[in-house]
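This is entry-v5.cif (mmCIF, C-alpha atoms).
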```
data_target
loop_
_atom_site.group_PDB
_atom_site.id
_atom_site.type_symbol
_atom_site.label_atom_id
_atom_site.label_comp_id
_atom_site.auth_asym_id
_atom_site.auth_seq_id
_atom_site.Cartn_x
_atom_site.Cartn_y
_atom_site.Cartn_z
ATOM 1 C CA MET A 116 -63.729 21.566 -106.708
ATOM 2 C CA SER A 117 -62.163 21.897 -103.264
ATOM 3 C CA ALA A 118 -62.418 25.222 -101.448
ATOM 4 C CA ARG A 119 -59.213 27.248 -101.192
ATOM 5 C CA ILE A 120 -58.631 28.511 -97.635
ATOM 6 C CA ARG A 121 -55.920 30.949 -96.636
ATOM 7 C CA VAL A 122 -54.625 30.347 -93.103
ATOM 8 C CA ILE A 123 -52.936 33.386 -91.583
ATOM 9 C CA THR A 124 -50.779 32.287 -88.649
ATOM 10 C CA THR A 125 -49.707 34.684 -85.880
ATOM 11 C CA GLY A 126 -48.423 32.476 -83.034
ATOM 12 C CA GLY A 127 -50.086 31.914 -79.670
ATOM 13 C CA THR A 128 -50.413 28.748 -77.597
ATOM 14 C CA ILE A 129 -51.476 26.780 -80.659
ATOM 15 C CA ALA A 130 -47.952 27.426 -82.038
ATOM 16 C CA SER A 131 -46.070 26.996 -78.751
ATOM 17 C CA VAL A 132 -43.896 24.263 -77.252
ATOM 18 C CA PRO A 133 -42.168 23.947 -73.861
ATOM 19 C CA GLY A 134 -38.511 24.623 -73.353
ATOM 20 C CA GLY A 135 -36.270 26.141 -70.694
ATOM 21 C CA GLY A 136 -38.946 25.959 -68.046
ATOM 22 C CA ALA A 137 -41.528 27.955 -70.006
ATOM 23 C CA VAL A 138 -43.775 27.692 -73.048
ATOM 24 C CA SER A 139 -42.808 29.767 -76.086
ATOM 25 C CA VAL A 140 -44.013 30.213 -79.652
ATOM 26 C CA ALA A 141 -41.958 28.170 -82.082
ATOM 27 C CA VAL A 142 -44.202 26.183 -84.471
ATOM 28 C CA SER A 143 -44.387 27.327 -88.086
ATOM 29 C CA GLY A 144 -47.679 27.872 -89.841
ATOM 30 C CA ARG A 145 -47.023 25.030 -92.240
ATOM 31 C CA ASP A 146 -46.426 22.614 -89.364
ATOM 32 C CA LEU A 147 -49.653 23.779 -87.708
ATOM 33 C CA VAL A 148 -51.668 23.071 -90.825
ATOM 34 C CA GLY A 149 -49.893 19.758 -91.347
ATOM 35 C CA ALA A 150 -50.869 18.579 -87.873
ATOM 36 C CA ALA A 151 -54.499 19.660 -88.175
ATOM 37 C CA GLY A 152 -55.780 17.358 -90.893
ATOM 38 C CA GLY A 153 -59.384 18.370 -91.318
ATOM 39 C CA PRO A 154 -61.593 18.716 -94.393
ATOM 40 C CA ALA A 155 -60.505 18.167 -97.987
ATOM 41 C CA VAL A 156 -59.618 21.763 -98.811
ATOM 42 C CA ILE A 157 -56.695 23.490 -100.477
ATOM 43 C CA VAL A 158 -54.774 25.428 -97.817
ATOM 44 C CA GLU A 159 -52.505 28.409 -98.426
ATOM 45 C CA VAL A 160 -50.383 29.410 -95.423
ATOM 46 C CA ASP A 161 -49.515 33.039 -94.740
ATOM 47 C CA GLU A 162 -47.135 33.279 -91.783
ATOM 48 C CA ALA A 163 -47.796 36.824 -90.585
ATOM 49 C CA MET A 164 -45.885 36.657 -87.284
ATOM 50 C CA LEU A 165 -44.945 34.330 -84.443
ATOM 51 C CA VAL A 166 -45.830 35.986 -81.132
ATOM 52 C CA HIS A 167 -47.774 35.401 -77.947
ATOM 53 C CA SER A 168 -50.927 37.489 -78.175
ATOM 54 C CA PHE A 169 -50.177 39.155 -74.825
ATOM 55 C CA ASN A 170 -47.244 40.788 -76.661
ATOM 56 C CA LEU A 171 -49.400 41.952 -79.574
ATOM 57 C CA THR A 172 -49.488 45.724 -80.172
ATOM 58 C CA LEU A 173 -51.962 47.872 -82.098
ATOM 59 C CA ASP A 174 -49.432 47.905 -84.947
ATOM 60 C CA GLY A 175 -49.385 44.099 -84.898
ATOM 61 C CA MET A 176 -53.172 43.955 -84.910
ATOM 62 C CA LEU A 177 -53.228 46.291 -87.916
ATOM 63 C CA ARG A 178 -50.723 44.024 -89.699
ATOM 64 C CA ILE A 179 -53.038 41.057 -89.154
ATOM 65 C CA ALA A 180 -55.988 43.099 -90.418
ATOM 66 C CA GLU A 181 -54.028 44.025 -93.550
ATOM 67 C CA ARG A 182 -53.251 40.341 -94.236
ATOM 68 C CA VAL A 183 -56.936 39.518 -93.761
ATOM 69 C CA ALA A 184 -57.966 42.323 -96.121
ATOM 70 C CA ALA A 185 -55.587 41.017 -98.796
ATOM 71 C CA ALA A 186 -56.944 37.481 -98.406
ATOM 72 C CA VAL A 187 -60.571 38.590 -98.550
ATOM 73 C CA ALA A 188 -59.877 40.622 -101.691
ATOM 74 C CA ASP A 189 -58.227 37.684 -103.499
ATOM 75 C CA PRO A 190 -60.785 36.146 -105.891
ATOM 76 C CA ASP A 191 -59.020 32.779 -105.674
ATOM 77 C CA VAL A 192 -59.524 32.534 -101.897
ATOM 78 C CA ASP A 193 -62.799 31.008 -100.710
ATOM 79 C CA GLY A 194 -62.285 31.391 -96.958
ATOM 80 C CA VAL A 195 -59.921 32.827 -94.357
ATOM 81 C CA VAL A 196 -58.715 31.376 -91.041
ATOM 82 C CA VAL A 197 -56.507 33.209 -88.527
ATOM 83 C CA THR A 198 -54.629 31.317 -85.807
ATOM 84 C CA HIS A 199 -54.093 33.572 -82.806
ATOM 85 C CA GLY A 200 -53.252 33.508 -79.116
ATOM 86 C CA THR A 201 -56.367 33.387 -76.970
ATOM 87 C CA ASP A 202 -55.443 36.236 -74.591
ATOM 88 C CA THR A 203 -56.322 39.003 -77.058
ATOM 89 C CA MET A 204 -58.044 37.003 -79.789
ATOM 90 C CA GLU A 205 -61.414 38.609 -79.030
ATOM 91 C CA GLU A 206 -59.981 42.079 -79.641
ATOM 92 C CA THR A 207 -58.338 41.274 -82.975
ATOM 93 C CA ALA A 208 -61.437 39.370 -84.111
ATOM 94 C CA PHE A 209 -63.702 42.289 -83.177
ATOM 95 C CA PHE A 210 -61.440 44.768 -84.972
ATOM 96 C CA VAL A 211 -61.400 42.613 -88.104
ATOM 97 C CA ASP A 212 -65.183 42.332 -87.887
ATOM 98 C CA LEU A 213 -65.409 46.129 -88.054
ATOM 99 C CA LEU A 214 -63.579 46.022 -91.386
ATOM 100 C CA LEU A 215 -65.403 43.188 -93.152
ATOM 101 C CA GLY A 216 -67.975 43.810 -95.839
ATOM 102 C CA ALA A 217 -71.284 42.004 -96.104
ATOM 103 C CA GLY A 218 -71.084 38.360 -97.120
ATOM 104 C CA ARG A 219 -67.630 37.819 -95.635
ATOM 105 C CA THR A 220 -66.422 35.400 -92.966
ATOM 106 C CA VAL A 221 -63.062 35.249 -91.187
ATOM 107 C CA VAL A 222 -62.568 32.434 -88.675
ATOM 108 C CA PHE A 223 -60.252 32.892 -85.677
ATOM 109 C CA THR A 224 -59.006 29.939 -83.676
ATOM 110 C CA GLY A 225 -56.274 28.971 -81.243
ATOM 111 C CA ALA A 226 -55.585 26.562 -78.423
ATOM 112 C CA GLN A 227 -55.538 26.270 -74.668
ATOM 113 C CA ARG A 228 -52.956 23.475 -74.620
ATOM 114 C CA HIS A 229 -49.606 23.969 -76.314
ATOM 115 C CA ALA A 230 -48.456 21.955 -79.315
ATOM 116 C CA GLY A 231 -46.237 19.729 -77.182
ATOM 117 C CA GLU A 232 -49.161 18.313 -75.187
ATOM 118 C CA PRO A 233 -50.152 14.772 -76.230
ATOM 119 C CA ASP A 234 -53.826 15.767 -75.988
ATOM 120 C CA GLY A 235 -53.474 19.283 -77.374
ATOM 121 C CA ASP A 236 -56.638 20.943 -78.662
ATOM 122 C CA GLY A 237 -54.969 22.985 -81.406
ATOM 123 C CA PRO A 238 -55.242 20.484 -84.298
ATOM 124 C CA ARG A 239 -58.952 19.888 -83.685
ATOM 125 C CA ASN A 240 -59.698 23.594 -83.332
ATOM 126 C CA LEU A 241 -57.877 24.386 -86.561
ATOM 127 C CA ALA A 242 -59.646 21.566 -88.403
ATOM 128 C CA ASP A 243 -62.991 22.903 -87.158
ATOM 129 C CA ALA A 244 -62.050 26.427 -88.233
ATOM 130 C CA LEU A 245 -61.225 25.152 -91.722
ATOM 131 C CA ARG A 246 -64.623 23.450 -91.845
ATOM 132 C CA VAL A 247 -66.438 26.658 -90.919
ATOM 133 C CA ALA A 248 -64.419 28.704 -93.425
ATOM 134 C CA ALA A 249 -65.205 26.231 -96.211
ATOM 135 C CA ALA A 250 -68.863 25.614 -95.380
ATOM 136 C CA THR A 251 -71.649 27.233 -97.353
ATOM 137 C CA ALA A 252 -73.491 27.671 -94.043
ATOM 138 C CA GLY A 253 -70.569 29.706 -92.742
ATOM 139 C CA ARG A 254 -70.736 32.442 -95.384
ATOM 140 C CA GLY A 255 -71.471 36.000 -94.311
ATOM 141 C CA LEU A 256 -70.918 35.576 -90.566
ATOM 142 C CA GLY A 257 -68.316 38.318 -90.259
ATOM 143 C CA ALA A 258 -65.468 37.535 -87.881
ATOM 144 C CA VAL A 259 -66.088 34.537 -85.629
ATOM 145 C CA ILE A 260 -64.114 32.571 -83.050
ATOM 146 C CA VAL A 261 -64.169 28.776 -83.296
ATOM 147 C CA MET A 262 -62.968 26.903 -80.223
ATOM 148 C CA ALA A 263 -64.019 23.567 -78.685
ATOM 149 C CA GLY A 264 -66.589 22.996 -81.428
ATOM 150 C CA ARG A 265 -68.439 26.250 -80.765
ATOM 151 C CA VAL A 266 -68.775 29.233 -83.108
ATOM 152 C CA HIS A 267 -68.925 32.639 -81.413
ATOM 153 C CA ALA A 268 -69.653 36.008 -83.025
ATOM 154 C CA ALA A 269 -66.682 38.343 -82.545
ATOM 155 C CA ARG A 270 -68.834 41.137 -81.079
ATOM 156 C CA HIS A 271 -69.925 39.011 -78.117
ATOM 157 C CA ALA A 272 -67.100 36.492 -77.663
ATOM 158 C CA THR A 273 -64.830 36.751 -74.657
ATOM 159 C CA LYS A 274 -62.277 34.486 -73.026
ATOM 160 C CA ALA A 275 -64.154 33.312 -69.955
ATOM 161 C CA ASP A 276 -61.801 30.653 -68.547
ATOM 162 C CA THR A 277 -58.034 30.757 -68.204
ATOM 163 C CA VAL A 278 -57.353 27.063 -68.832
ATOM 164 C CA ALA A 279 -60.529 25.182 -69.889
ATOM 165 C CA LEU A 280 -60.658 23.940 -73.474
ATOM 166 C CA ASP A 281 -64.027 25.665 -74.020
ATOM 167 C CA ALA A 282 -62.440 28.922 -72.944
ATOM 168 C CA PHE A 283 -64.690 31.249 -74.929
ATOM 169 C CA ASP A 284 -68.207 32.299 -74.127
ATOM 170 C CA SER A 285 -70.698 34.878 -75.398
ATOM 171 C CA PRO A 286 -72.341 36.052 -72.165
ATOM 172 C CA GLY A 287 -76.008 36.838 -72.633
ATOM 173 C CA TYR A 288 -75.992 35.562 -76.221
ATOM 174 C CA GLY A 289 -74.399 32.135 -76.534
ATOM 175 C CA PRO A 290 -72.657 30.672 -79.594
ATOM 176 C CA VAL A 291 -74.098 31.257 -83.065
ATOM 177 C CA GLY A 292 -73.202 27.736 -84.202
ATOM 178 C CA ARG A 293 -71.422 24.475 -83.560
ATOM 179 C CA VAL A 294 -69.197 22.014 -85.381
ATOM 180 C CA HIS A 295 -70.298 18.386 -85.033
ATOM 181 C CA GLY A 296 -67.727 16.095 -86.626
ATOM 182 C CA GLU A 297 -67.716 17.064 -90.293
ATOM 183 C CA ARG A 298 -70.911 19.096 -90.037
ATOM 184 C CA VAL A 299 -71.152 22.855 -89.475
ATOM 185 C CA HIS A 300 -74.445 23.996 -87.983
ATOM 186 C CA ILE A 301 -75.190 27.724 -87.780
ATOM 187 C CA ALA A 302 -78.182 28.423 -85.536
ATOM 188 C CA ALA A 303 -78.141 32.248 -85.674
ATOM 189 C CA ARG A 304 -76.538 34.863 -87.886
ATOM 190 C CA PRO A 305 -74.799 37.807 -86.201
ATOM 191 C CA GLU A 306 -76.114 41.290 -86.883
ATOM 192 C CA ARG A 307 -73.600 43.126 -89.070
ATOM 193 C CA LEU A 308 -73.195 46.838 -88.365
ATOM 194 C CA PRO A 309 -71.599 49.639 -90.419
ATOM 195 C CA GLY A 310 -67.853 49.544 -89.959
ATOM 196 C CA PHE A 311 -64.677 51.152 -91.215
ATOM 197 C CA THR A 312 -62.058 50.803 -93.937
ATOM 198 C CA LEU A 313 -58.363 50.350 -93.225
ATOM 199 C CA ALA A 314 -57.612 53.391 -95.343
ATOM 200 C CA GLU A 315 -59.488 55.762 -93.018
ATOM 201 C CA LEU A 316 -57.935 54.406 -89.822
ATOM 202 C CA GLY A 317 -54.260 55.105 -90.469
ATOM 203 C CA GLY A 318 -52.213 53.769 -87.570
ATOM 204 C CA LEU A 319 -54.952 54.059 -84.924
ATOM 205 C CA GLU A 320 -52.919 56.858 -83.370
ATOM 206 C CA ALA A 321 -55.632 58.102 -81.005
ATOM 207 C CA ARG A 322 -54.888 56.934 -77.475
ATOM 208 C CA VAL A 323 -57.939 55.447 -75.733
ATOM 209 C CA ASP A 324 -57.550 54.102 -72.200
ATOM 210 C CA ILE A 325 -59.725 51.796 -70.084
ATOM 211 C CA VAL A 326 -60.307 52.783 -66.467
ATOM 212 C CA PRO A 327 -61.816 50.226 -64.065
ATOM 213 C CA ALA A 328 -64.328 51.108 -61.356
ATOM 214 C CA TYR A 329 -64.064 49.517 -57.934
ATOM 215 C CA LEU A 330 -65.181 50.375 -54.417
ATOM 216 C CA GLY A 331 -63.606 53.669 -53.441
ATOM 217 C CA ALA A 332 -61.955 54.404 -56.819
ATOM 218 C CA ASP A 333 -60.804 58.032 -56.598
ATOM 219 C CA GLY A 334 -60.277 58.848 -60.284
ATOM 220 C CA VAL A 335 -56.484 58.972 -60.198
ATOM 221 C CA HIS A 336 -56.311 56.660 -63.217
ATOM 222 C CA VAL A 337 -58.461 59.076 -65.223
ATOM 223 C CA VAL A 338 -56.147 61.931 -64.255
ATOM 224 C CA ALA A 339 -53.140 59.886 -65.417
ATOM 225 C CA SER A 340 -54.799 58.995 -68.726
ATOM 226 C CA ARG A 341 -55.646 62.611 -69.414
ATOM 227 C CA ALA A 342 -52.077 63.641 -68.583
ATOM 228 C CA ALA A 343 -50.759 60.939 -70.935
ATOM 229 C CA GLY A 344 -52.685 62.478 -73.832
ATOM 230 C CA ALA A 345 -55.702 60.166 -74.034
ATOM 231 C CA ARG A 346 -58.170 61.335 -76.674
ATOM 232 C CA GLY A 347 -60.870 58.956 -75.452
ATOM 233 C CA LEU A 348 -61.730 56.996 -72.341
ATOM 234 C CA VAL A 349 -63.658 53.820 -71.605
ATOM 235 C CA LEU A 350 -65.023 53.518 -68.080
ATOM 236 C CA GLU A 351 -65.548 49.916 -66.981
ATOM 237 C CA ALA A 352 -68.233 50.910 -64.502
ATOM 238 C CA LEU A 353 -70.003 49.136 -61.671
ATOM 239 C CA GLY A 354 -73.243 47.221 -62.196
ATOM 240 C CA ALA A 355 -75.449 48.663 -64.938
ATOM 241 C CA GLY A 356 -73.001 51.523 -65.464
ATOM 242 C CA ASN A 357 -72.365 53.366 -62.207
ATOM 243 C CA PRO A 358 -69.239 55.325 -61.183
ATOM 244 C CA THR A 359 -67.820 56.143 -57.792
ATOM 245 C CA PRO A 360 -67.915 59.809 -56.728
ATOM 246 C CA GLY A 361 -64.240 60.207 -57.554
ATOM 247 C CA LEU A 362 -64.671 58.757 -61.038
ATOM 248 C CA LEU A 363 -67.748 60.884 -61.715
ATOM 249 C CA GLY A 364 -65.850 64.076 -61.038
ATOM 250 C CA GLU A 365 -63.024 63.090 -63.364
ATOM 251 C CA VAL A 366 -65.431 62.021 -66.118
ATOM 252 C CA ARG A 367 -66.930 65.506 -65.954
ATOM 253 C CA ALA A 368 -63.417 66.932 -66.390
ATOM 254 C CA CYS A 369 -62.819 64.699 -69.425
ATOM 255 C CA VAL A 370 -66.039 65.728 -71.137
ATOM 256 C CA ALA A 371 -65.282 69.401 -70.447
ATOM 257 C CA ALA A 372 -61.875 68.893 -72.092
ATOM 258 C CA GLY A 373 -63.446 67.365 -75.221
ATOM 259 C CA ILE A 374 -62.442 63.787 -74.363
ATOM 260 C CA PRO A 375 -65.330 61.382 -75.136
ATOM 261 C CA VAL A 376 -66.133 58.802 -72.453
ATOM 262 C CA LEU A 377 -67.814 55.485 -73.191
ATOM 263 C CA VAL A 378 -69.403 53.630 -70.283
ATOM 264 C CA THR A 379 -69.301 49.819 -70.132
ATOM 265 C CA SER A 380 -69.923 47.426 -67.242
ATOM 266 C CA ARG A 381 -67.522 45.224 -65.346
ATOM 267 C CA CYS A 382 -70.320 42.602 -65.240
ATOM 268 C CA HIS A 383 -69.884 39.751 -67.700
ATOM 269 C CA ALA A 384 -73.433 39.897 -69.110
ATOM 270 C CA GLY A 385 -76.043 42.576 -69.658
ATOM 271 C CA PRO A 386 -75.838 46.090 -71.109
ATOM 272 C CA SER A 387 -74.627 49.287 -69.509
ATOM 273 C CA LEU A 388 -77.641 51.551 -68.888
ATOM 274 C CA PRO A 389 -78.117 54.981 -67.272
ATOM 275 C CA VAL A 390 -80.563 53.865 -64.575
ATOM 276 C CA TYR A 391 -79.511 55.366 -61.241
ATOM 277 C CA GLY A 392 -79.391 59.007 -60.182
ATOM 278 C CA ALA A 393 -77.664 60.396 -57.088
ATOM 279 C CA GLY A 394 -74.254 59.940 -58.698
ATOM 280 C CA GLY A 395 -75.058 56.759 -60.629
ATOM 281 C CA GLY A 396 -75.318 56.022 -64.334
ATOM 282 C CA ALA A 397 -78.033 58.599 -65.014
ATOM 283 C CA THR A 398 -75.755 61.235 -63.527
ATOM 284 C CA LEU A 399 -72.935 60.017 -65.775
ATOM 285 C CA ARG A 400 -75.165 60.524 -68.807
ATOM 286 C CA GLU A 401 -76.074 64.028 -67.613
ATOM 287 C CA ALA A 402 -72.337 64.704 -67.362
ATOM 288 C CA GLY A 403 -71.955 63.840 -71.049
ATOM 289 C CA ALA A 404 -70.735 60.227 -70.951
ATOM 290 C CA VAL A 405 -72.100 57.842 -73.598
ATOM 291 C CA PHE A 406 -73.259 54.329 -72.742
ATOM 292 C CA ALA A 407 -71.810 51.470 -74.820
ATOM 293 C CA GLY A 408 -74.687 48.999 -74.546
ATOM 294 C CA SER A 409 -73.531 45.389 -74.544
ATOM 295 C CA LEU A 410 -69.939 46.072 -75.631
ATOM 296 C CA ALA A 411 -67.201 44.957 -73.269
ATOM 297 C CA ALA A 412 -64.530 47.498 -72.384
ATOM 298 C CA PRO A 413 -61.686 46.136 -74.602
ATOM 299 C CA LYS A 414 -63.946 46.222 -77.663
ATOM 300 C CA ALA A 415 -65.395 49.626 -76.814
ATOM 301 C CA ARG A 416 -61.807 50.899 -76.670
ATOM 302 C CA LEU A 417 -61.033 49.671 -80.185
ATOM 303 C CA LEU A 418 -64.323 50.999 -81.530
ATOM 304 C CA LEU A 419 -63.729 54.461 -80.079
ATOM 305 C CA ALA A 420 -60.113 54.481 -81.288
ATOM 306 C CA ALA A 421 -61.302 53.619 -84.802
ATOM 307 C CA ALA A 422 -63.953 56.346 -84.773
ATOM 308 C CA LEU A 423 -61.496 58.955 -83.505
ATOM 309 C CA ALA A 424 -59.070 57.962 -86.272
ATOM 310 C CA ALA A 425 -61.745 58.134 -88.977
ATOM 311 C CA GLU A 426 -63.529 61.336 -87.952
ATOM 312 C CA PRO A 427 -62.320 64.957 -87.573
ATOM 313 C CA GLY A 428 -63.456 65.441 -83.978
ATOM 314 C CA PRO A 429 -64.983 63.797 -80.889
ATOM 315 C CA ALA A 430 -68.577 64.785 -81.723
ATOM 316 C CA GLU A 431 -68.325 63.249 -85.176
ATOM 317 C CA ALA A 432 -66.639 60.159 -83.725
ATOM 318 C CA LEU A 433 -69.467 59.597 -81.241
ATOM 319 C CA ALA A 434 -72.053 60.044 -84.003
ATOM 320 C CA ARG A 435 -70.238 57.412 -86.060
ATOM 321 C CA LEU A 436 -70.522 54.960 -83.169
ATOM 322 C CA GLY A 437 -74.305 55.246 -82.833
ATOM 323 C CA PRO A 438 -75.399 51.893 -84.355
ATOM 324 C CA HIS A 439 -72.784 50.006 -82.301
ATOM 325 C CA LEU A 440 -73.927 51.286 -78.924
ATOM 326 C CA THR A 441 -77.458 49.945 -78.883
ATOM 327 C CA VAL A 442 -78.410 47.305 -76.311
#
```

Could you render the structure as structure tokens?
Amino acid sequence: MSARIRVITTGGTIASVPGGGAVSVAVSGRDLVGAAGGPAVIVEVDEAMLVHSFNLTLDGMLRIAERVAAAVADPDVDGVVVTHGTDTMEETAFFVDLLLGAGRTVVFTGAQRHAGEPDGDGPRNLADALRVAAATAGRGLGAVIVMAGRVHAARHATKADTVALDAFDSPGYGPVGRVHGERVHIAARPERLPGFTLAELGGLEARVDIVPAYLGADGVHVVASRAAGARGLVLEALGAGNPTPGLLGEVRACVAAGIPVLVTSRCHAGPSLPVYGAGGGATLREAGAVFAGSLAAPKARLLLAAALAAEPGPAEALARLGPHLTV
């Protein structure tokens, strides 16, 4: 019997066509699926929204997560695919991964070329995503991103190229699998960590901001975030996790005010580690900041926001994050 796959469509380049001098989302979910072809599966289309992912809000991400949760809970659905714009796909995929139970797989895909291009990559990417969702080998992967024949774990995937068809990479880790024609090959299985339930997250009301480090950064962005009511902060630090003097002083002020600070790196590969003293990462740790291991800043932000929503205070939230912050 053919597998039944639910395809949740949200817009993005895969659903866009040119017009009026720009490219805009316009293609329905049913038309997307019709153009994809792919394996002999039964496809149900759930048209969640039709937006560019650069316009996606936290509320929109939660709506997608709710659609995914409903699909995963349906005993008649064998697999789930989400079509999504590539700009923020890695964030939605990571968030969904935090919500998935053991043994589940949700496949995200999109396109780099719009649907009006004669050599568009959307149909092939969607067909590959359907193959992964239907394959026995693809069970239990959590949330993954399938683009250009490569399967990336949501925790490590990031958009690494603005226009190339193989836009996604997993720096320091590589893809967990590949799609070769009709065949799905999974070479490694992502580690699944304790996550959250939608019920305990509410509307993700806790504001968590990302502050970048750069030569001479004086901490003014941290001051602004604190003034705006941020309940958590992610510092995208230099190198292995080093601040500037101005940032260090403002991180101290955040910790003193009960605002947890996670430290990530602006480098594309490698973990954040408290190595250097004299105002470096080791000094940040002494000030009370917590290092986020291999997590990139956008994902650390979502993780901290989820923990702050689920737990009664910052100390409990940081304790909840423990397994996710290892190297």

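Considering the residues A:Val326, A:Ala372, A:Val338, A:Met176 and counting all atoms listed in the file, A:Ala352 has its shortest atom-to-atom contact with A:Val326.
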
I'd like the contact shell of A:Glu232 - 12 Å cut-off, all atoms listed in the file, skipping same-chain residues fewer than 2 positions apart - returned as an MDAnalysis selection string.
chainID A and resid 128:133 138 226:230 234:238

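Comparing A:Ser285, A:Thr125, A:Thr198, A:Thr312 by their smallest distance to A:Ala272, the closest is A:Ser285 (using all atoms listed in the file).
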
Mind running stretch 193-233 of chain A against stretch 247-269 of chain A at 9 Å and telling me each contacting residue's nearest atom pair with the distance in Å (one decimal), counting only C-alpha atoms, chain and number ascending, as JSON lines?
```
{"residue": "A:Asp193", "atom": "CA", "partner": "A:Ala249", "partner_atom": "CA", "distance": 7.0}
{"residue": "A:Gly194", "atom": "CA", "partner": "A:Ala248", "partner_atom": "CA", "distance": 4.9}
{"residue": "A:Val195", "atom": "CA", "partner": "A:Ala248", "partner_atom": "CA", "distance": 6.2}
{"residue": "A:Val196", "atom": "CA", "partner": "A:Ala248", "partner_atom": "CA", "distance": 6.7}
{"residue": "A:Met204", "atom": "CA", "partner": "A:Ile260", "partner_atom": "CA", "distance": 8.2}
{"residue": "A:Glu205", "atom": "CA", "partner": "A:Ala269", "partner_atom": "CA", "distance": 6.3}
{"residue": "A:Glu206", "atom": "CA", "partner": "A:Ala269", "partner_atom": "CA", "distance": 8.2}
{"residue": "A:Thr207", "atom": "CA", "partner": "A:Ala269", "partner_atom": "CA", "distance": 8.9}
{"residue": "A:Ala208", "atom": "CA", "partner": "A:Ala269", "partner_atom": "CA", "distance": 5.6}
{"residue": "A:Phe209", "atom": "CA", "partner": "A:Ala269", "partner_atom": "CA", "distance": 5.0}
{"residue": "A:Phe210", "atom": "CA", "partner": "A:Ala269", "partner_atom": "CA", "distance": 8.6}
{"residue": "A:Val211", "atom": "CA", "partner": "A:Ala258", "partner_atom": "CA", "distance": 6.5}
{"residue": "A:Asp212", "atom": "CA", "partner": "A:Ala258", "partner_atom": "CA", "distance": 4.8}
{"residue": "A:Leu213", "atom": "CA", "partner": "A:Ala258", "partner_atom": "CA", "distance": 8.6}
{"residue": "A:Leu215", "atom": "CA", "partner": "A:Gly257", "partner_atom": "CA", "distance": 6.4}
{"residue": "A:Gly216", "atom": "CA", "partner": "A:Gly257", "partner_atom": "CA", "distance": 7.8}
{"residue": "A:Ala217", "atom": "CA", "partner": "A:Gly255", "partner_atom": "CA", "distance": 6.3}
{"residue": "A:Gly218", "atom": "CA", "partner": "A:Gly255", "partner_atom": "CA", "distance": 3.7}
{"residue": "A:Arg219", "atom": "CA", "partner": "A:Gly255", "partner_atom": "CA", "distance": 4.5}
{"residue": "A:Thr220", "atom": "CA", "partner": "A:Gly257", "partner_atom": "CA", "distance": 4.4}
{"residue": "A:Val221", "atom": "CA", "partner": "A:Ala258", "partner_atom": "CA", "distance": 4.7}
{"residue": "A:Val222", "atom": "CA", "partner": "A:Val259", "partner_atom": "CA", "distance": 5.1}
{"residue": "A:Phe223", "atom": "CA", "partner": "A:Ile260", "partner_atom": "CA", "distance": 4.7}
{"residue": "A:Thr224", "atom": "CA", "partner": "A:Val261", "partner_atom": "CA", "distance": 5.3}
{"residue": "A:Gly225", "atom": "CA", "partner": "A:Met262", "partner_atom": "CA", "distance": 7.1}
{"residue": "A:Ala226", "atom": "CA", "partner": "A:Met262", "partner_atom": "CA", "distance": 7.6}
```

Kindly export the residues of the current selection with C-alpha atoms, as a tab-separated table (two decimals), in the frame of the given file.
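Output below, filename part23.tsv:
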```
chain	number	residue	atom	x	y	z
A	193	ASP	CA	-62.80	31.01	-100.71
A	194	GLY	CA	-62.28	31.39	-96.96
A	195	VAL	CA	-59.92	32.83	-94.36
A	196	VAL	CA	-58.72	31.38	-91.04
A	204	MET	CA	-58.04	37.00	-79.79
A	205	GLU	CA	-61.41	38.61	-79.03
A	206	GLU	CA	-59.98	42.08	-79.64
A	207	THR	CA	-58.34	41.27	-82.98
A	208	ALA	CA	-61.44	39.37	-84.11
A	209	PHE	CA	-63.70	42.29	-83.18
A	210	PHE	CA	-61.44	44.77	-84.97
A	211	VAL	CA	-61.40	42.61	-88.10
A	212	ASP	CA	-65.18	42.33	-87.89
A	213	LEU	CA	-65.41	46.13	-88.05
A	215	LEU	CA	-65.40	43.19	-93.15
A	216	GLY	CA	-67.97	43.81	-95.84
A	217	ALA	CA	-71.28	42.00	-96.10
A	218	GLY	CA	-71.08	38.36	-97.12
A	219	ARG	CA	-67.63	37.82	-95.64
A	220	THR	CA	-66.42	35.40	-92.97
A	221	VAL	CA	-63.06	35.25	-91.19
A	222	VAL	CA	-62.57	32.43	-88.68
A	223	PHE	CA	-60.25	32.89	-85.68
A	224	THR	CA	-59.01	29.94	-83.68
A	225	GLY	CA	-56.27	28.97	-81.24
A	226	ALA	CA	-55.58	26.56	-78.42
```

Apply the PyMOL selection byres ((chain A and resi 382-394) around 8) to the structure shown and report the selected residues as a count of residues only.
27

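Closest approach to A:Ala282 among A:Gly200, A:Pro190, A:Gly428, A:Gly135: A:Gly200, based on only C-alpha atoms.
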
Can you translate the PyMOL selection byres ((chain A and resi 143-148) around 10) into the concrete residues it hits in this file, as a PyMOL selection string?
chain A and resi 122-126+129-131+140-142+149-153+158-165+198+230+237-238+241-242+245

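For the pair atom CA of A:Thr441 and atom CA of A:Leu418, the separation is 13.4 Å.
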